[in-house]
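J.: Before I ask anything, here is the structure I am working with.
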Amino acid sequence: MAYTGEVTVGGTPDVHELEDLIITKVAVGPMNNNAYLLRCRATGEQLLIDAANDAGTLLEVVGTDGLTSVVTTHQHGDHWQALQDVVTATGAATYAGREDAPGIPVPTGTLLDDGDTVPLGPLRLTVRHLVGHTPGSVAVIYDDPHGHPHVFTGDCLFPGGVGNTHDDPAAFTSLIDGVSAKLFDVLPDETWVYPGHGDDTTIGAERPHLAEWRARGW
């Protein structure tokens, strides 16, 4: 079946099969968080984006082939509830944004800055630092050489708007400026967007609404 990105807590994960990468999306926890397992086809190495909750479910998705690394998109607690259990079970290396790492109670092995890359076998994921939802949120981009890019946005970009900036105008301006410059200005419309909660979207589906988001202030 074709990938839709529509998953529910307790339901079946959805799998997006690319030429060099397999992306498995699963929903976990009381806040309906998304976690994404990326598997390099060439090496079988696996990377998890957000060990959000329900370590048992996440480890079942990981399977018996092990886990190379975990990227935590930001410091909010609903995105790392299962991180310690997953790391303990797998020995995976940990990555997080430099400014948010102190707020994550599991030690971060590699601090991420804008423009850094995270390896997955021969593949490389590019990091974009986005300030506003938290000081150190990161989005992770896989630029598929056989197709369009894929971006994992944490809580910085969703269908219908940017992430919550808690009625702070400066934080909202920072986040929408960052998302505009680092995602919308450089990624094509076909780019698939995988958010931290809920359904997926594309850059093209959201691009026409940027001015509307700025005008409403959230």
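In the structure tokens, the first chain shown is A, the next is B, and so on; residue numbers restart at 1 for each chain, and ligands run from 1 in the order shown.
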Could you give me, as a list in words, the residues within 10 Å of Glu6 in chain A, counting only C-alpha atoms and dropping anything in the same chain fewer than 2 positions from it?
T.: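 That gives Tyr3, Thr4, Thr8, Gly11, Thr12, Pro13, Asp14, Lys25, Val26, Ala27, Gly198, Asp199 and Asp200 of chain A.
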J.: Where in chain A does DSSP assign alpha helix (DSSP H), given as an MDAnalysis selection string?
T.: chainID A and resid 55:62 83:90 169:179 203:206 210:216
J.: Could you pull the residues within 12 Å of His76 in chain A, counting only C-alpha atoms, minus those fewer than 4 positions along the same chain, as a list of chain:residue names?
T.: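 Answer for this query is A:Met31, A:Asn33, A:Asp50, A:Ala51, A:Ala52, A:Thr72, A:Trp80, A:Gln81, A:Ala96, A:Asp100, A:Ala101, A:Pro102, A:Gly103, A:Ile104, A:Pro105, A:His133, A:Thr134, A:Pro135, A:Gly136, A:Ser137, A:Gly154, A:Asp155, A:Asn164, A:Gly196.
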J.: Using CA of Val71 in chain A and CA of Val106 in chain A as the two end points, give the distance in Å to one decimal.
T.: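 Result for CA of Val71 in chain A versus CA of Val106 in chain A: 11.8 Å, one decimal.
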J.: Enumerate, as a ChimeraX atom specification, the complete set of residues in range 4-212 of chain A that a backbone-based DSSP assignment places in strand (DSSP E or B).
T.: /A:14-17,21-28,33-40,46-49,69-72,93-97,110-112,117-120,123-130,137-143,149-154,157-158,161-162,192-195,197,201-202
J.: Using Å and a single decimal, report how far CA of Gly97 in chain A sits from CA of Thr73 in chain A.
T.: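 Taking CA of Thr73 in chain A and CA of Gly97 in chain A, their separation equals 7.2 Å.
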J.: Near Pro149 in chain A, within 9 Å and counting only C-alpha atoms, which residues show up once chain neighbours fewer than 4 positions away are dropped, as a compact mmCIF listing (two decimals) with all heavy atoms, in the first residue's frame?
T.:
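out_23.txt, freshly written:
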```txt
# COMPACT_ATOMS: atom_id res chain seq x y z
N ILE A 141 16.99 17.05 7.52
CA ILE A 141 16.63 16.93 6.11
C ILE A 141 17.40 15.78 5.47
O ILE A 141 18.63 15.70 5.57
CB ILE A 141 16.93 18.23 5.35
CG1 ILE A 141 16.15 19.40 5.96
CG2 ILE A 141 16.60 18.08 3.86
CD1 ILE A 141 16.60 20.77 5.45
N TYR A 142 16.66 14.90 4.79
CA TYR A 142 17.28 13.90 3.92
C TYR A 142 17.00 14.33 2.48
O TYR A 142 15.85 14.36 2.04
CB TYR A 142 16.71 12.51 4.16
CG TYR A 142 17.15 11.50 3.13
CD1 TYR A 142 18.49 11.20 2.95
CD2 TYR A 142 16.22 10.87 2.31
CE1 TYR A 142 18.91 10.29 1.98
CE2 TYR A 142 16.62 9.95 1.35
CZ TYR A 142 17.96 9.66 1.18
OH TYR A 142 18.37 8.77 0.22
N ASP A 143 18.04 14.69 1.76
CA ASP A 143 17.92 15.13 0.36
C ASP A 143 18.12 13.90 -0.53
O ASP A 143 19.25 13.52 -0.85
CB ASP A 143 18.94 16.21 0.05
CG ASP A 143 18.66 16.92 -1.26
OD1 ASP A 143 17.69 16.54 -1.94
OD2 ASP A 143 19.41 17.85 -1.61
N ASP A 144 17.03 13.30 -0.91
CA ASP A 144 17.06 12.05 -1.67
C ASP A 144 17.64 12.30 -3.07
O ASP A 144 17.06 13.05 -3.85
CB ASP A 144 15.65 11.49 -1.78
CG ASP A 144 15.59 10.13 -2.43
OD1 ASP A 144 16.64 9.61 -2.86
OD2 ASP A 144 14.47 9.57 -2.52
N PRO A 145 18.78 11.68 -3.39
CA PRO A 145 19.37 11.91 -4.72
C PRO A 145 18.53 11.33 -5.85
O PRO A 145 18.75 11.66 -7.02
CB PRO A 145 20.73 11.21 -4.63
CG PRO A 145 20.56 10.17 -3.59
CD PRO A 145 19.60 10.76 -2.58
N LEU A 187 13.83 24.60 -0.12
CA LEU A 187 13.32 23.27 -0.45
C LEU A 187 12.20 23.35 -1.48
O LEU A 187 11.37 24.26 -1.43
CB LEU A 187 12.79 22.58 0.82
CG LEU A 187 13.83 22.29 1.90
CD1 LEU A 187 13.15 21.76 3.16
CD2 LEU A 187 14.88 21.32 1.40
N PRO A 188 12.15 22.41 -2.42
CA PRO A 188 11.11 22.44 -3.44
C PRO A 188 9.75 22.05 -2.89
O PRO A 188 9.63 21.46 -1.80
CB PRO A 188 11.61 21.41 -4.47
CG PRO A 188 12.42 20.45 -3.67
CD PRO A 188 13.08 21.27 -2.60
N GLU A 190 7.84 19.74 -3.63
CA GLU A 190 7.61 18.30 -3.47
C GLU A 190 8.14 17.76 -2.15
O GLU A 190 7.87 16.60 -1.79
CB GLU A 190 8.28 17.55 -4.62
CG GLU A 190 7.72 17.85 -6.00
CD GLU A 190 8.22 19.18 -6.57
OE1 GLU A 190 9.19 19.74 -6.02
OE2 GLU A 190 7.63 19.64 -7.57
N THR A 191 8.91 18.57 -1.42
CA THR A 191 9.52 18.11 -0.16
C THR A 191 8.46 17.58 0.80
O THR A 191 7.49 18.27 1.12
CB THR A 191 10.28 19.26 0.52
OG1 THR A 191 11.28 19.75 -0.38
CG2 THR A 191 10.92 18.79 1.81
N TRP A 192 8.67 16.35 1.28
CA TRP A 192 7.73 15.74 2.22
C TRP A 192 8.09 16.19 3.63
O TRP A 192 9.25 16.16 4.01
CB TRP A 192 7.82 14.22 2.12
CG TRP A 192 6.60 13.52 2.65
CD1 TRP A 192 6.36 13.20 3.95
CD2 TRP A 192 5.46 13.08 1.90
NE1 TRP A 192 5.13 12.56 4.07
CE2 TRP A 192 4.56 12.48 2.82
CE3 TRP A 192 5.12 13.11 0.55
CZ2 TRP A 192 3.34 11.92 2.43
CZ3 TRP A 192 3.91 12.56 0.17
CH2 TRP A 192 3.04 11.99 1.10
N VAL A 193 7.08 16.60 4.40
CA VAL A 193 7.27 17.10 5.75
C VAL A 193 6.71 16.10 6.75
O VAL A 193 5.53 15.75 6.69
CB VAL A 193 6.58 18.47 5.93
CG1 VAL A 193 6.71 18.95 7.38
CG2 VAL A 193 7.17 19.51 4.97
```
J.: Please report as JSON lines every residue of range 180-200 of chain A lying within 12 Å of range 168-175 of chain A, along with the nearest atom pair and their distance in Å (one decimal), using only C-alpha atoms.
T.:
```
{"residue": "A:Ser180", "atom": "CA", "partner": "A:Leu175", "partner_atom": "CA", "distance": 8.4}
{"residue": "A:Ala181", "atom": "CA", "partner": "A:Leu175", "partner_atom": "CA", "distance": 9.9}
{"residue": "A:Lys182", "atom": "CA", "partner": "A:Leu175", "partner_atom": "CA", "distance": 10.3}
{"residue": "A:Leu183", "atom": "CA", "partner": "A:Leu175", "partner_atom": "CA", "distance": 11.2}
```
J.: Using the selection just defined, write its residues with N, CA and C atoms as a PDB file, in the first residue's frame.
T.:
```
ATOM      1  N   SER A 180      10.914  29.957   7.207  1.00  0.00           N
ATOM      2  CA  SER A 180      10.859  30.531   5.854  1.00  0.00           C
ATOM      3  C   SER A 180      12.216  30.458   5.175  1.00  0.00           C
ATOM      4  N   ALA A 181      13.268  30.900   5.889  1.00  0.00           N
ATOM      5  CA  ALA A 181      14.597  30.988   5.278  1.00  0.00           C
ATOM      6  C   ALA A 181      15.249  29.623   5.088  1.00  0.00           C
ATOM      7  N   LYS A 182      15.080  28.739   6.073  1.00  0.00           N
ATOM      8  CA  LYS A 182      15.851  27.494   6.069  1.00  0.00           C
ATOM      9  C   LYS A 182      15.087  26.307   5.479  1.00  0.00           C
ATOM     10  N   LEU A 183      13.785  26.448   5.345  1.00  0.00           N
ATOM     11  CA  LEU A 183      12.987  25.378   4.743  1.00  0.00           C
ATOM     12  C   LEU A 183      12.304  25.858   3.459  1.00  0.00           C
TER      13      LEU A 183
END
```
J.: Residues at most 10 Å from range 207-212 of chain A, counting only C-alpha atoms, excluding those fewer than 3 positions away in the same chain, as an MDAnalysis selection string?
T.: chainID A and resid 160:162 176 179:180 184:185 188:189 202:204 215:218
J.: Could you check the closest approach to Ile22 in chain A for each of A:Asp54, A:Val140, A:Leu111, A:Leu120 and tell me which residue wins, using only C-alpha atoms?
T.: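 Among the listed residues, A:Leu120 lies closest to Ile22 in chain A.
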J.: Between CA of His129 in chain A and CA of Gly56 in chain A, what distance in Å does the model show, to one decimal?
T.: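 Atom-to-atom, CA of His129 in chain A to CA of Gly56 in chain A, that is 29.9 Å.
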J.: Between A:Pro159, A:Val15, A:Asp85, A:Gly77, which has the minimum distance to Thr57 in chain A (counting only C-alpha atoms)?
T.: A:Asp85
J.: So that I can check the surroundings of range 114-117 of chain A, please list as a PyMOL selection string every protein, DNA and RNA residue that reaches within 7 Å of it, counting only C-alpha atoms and ignoring chain neighbours fewer than 6 positions away.
T.: chain A and resi 124-129
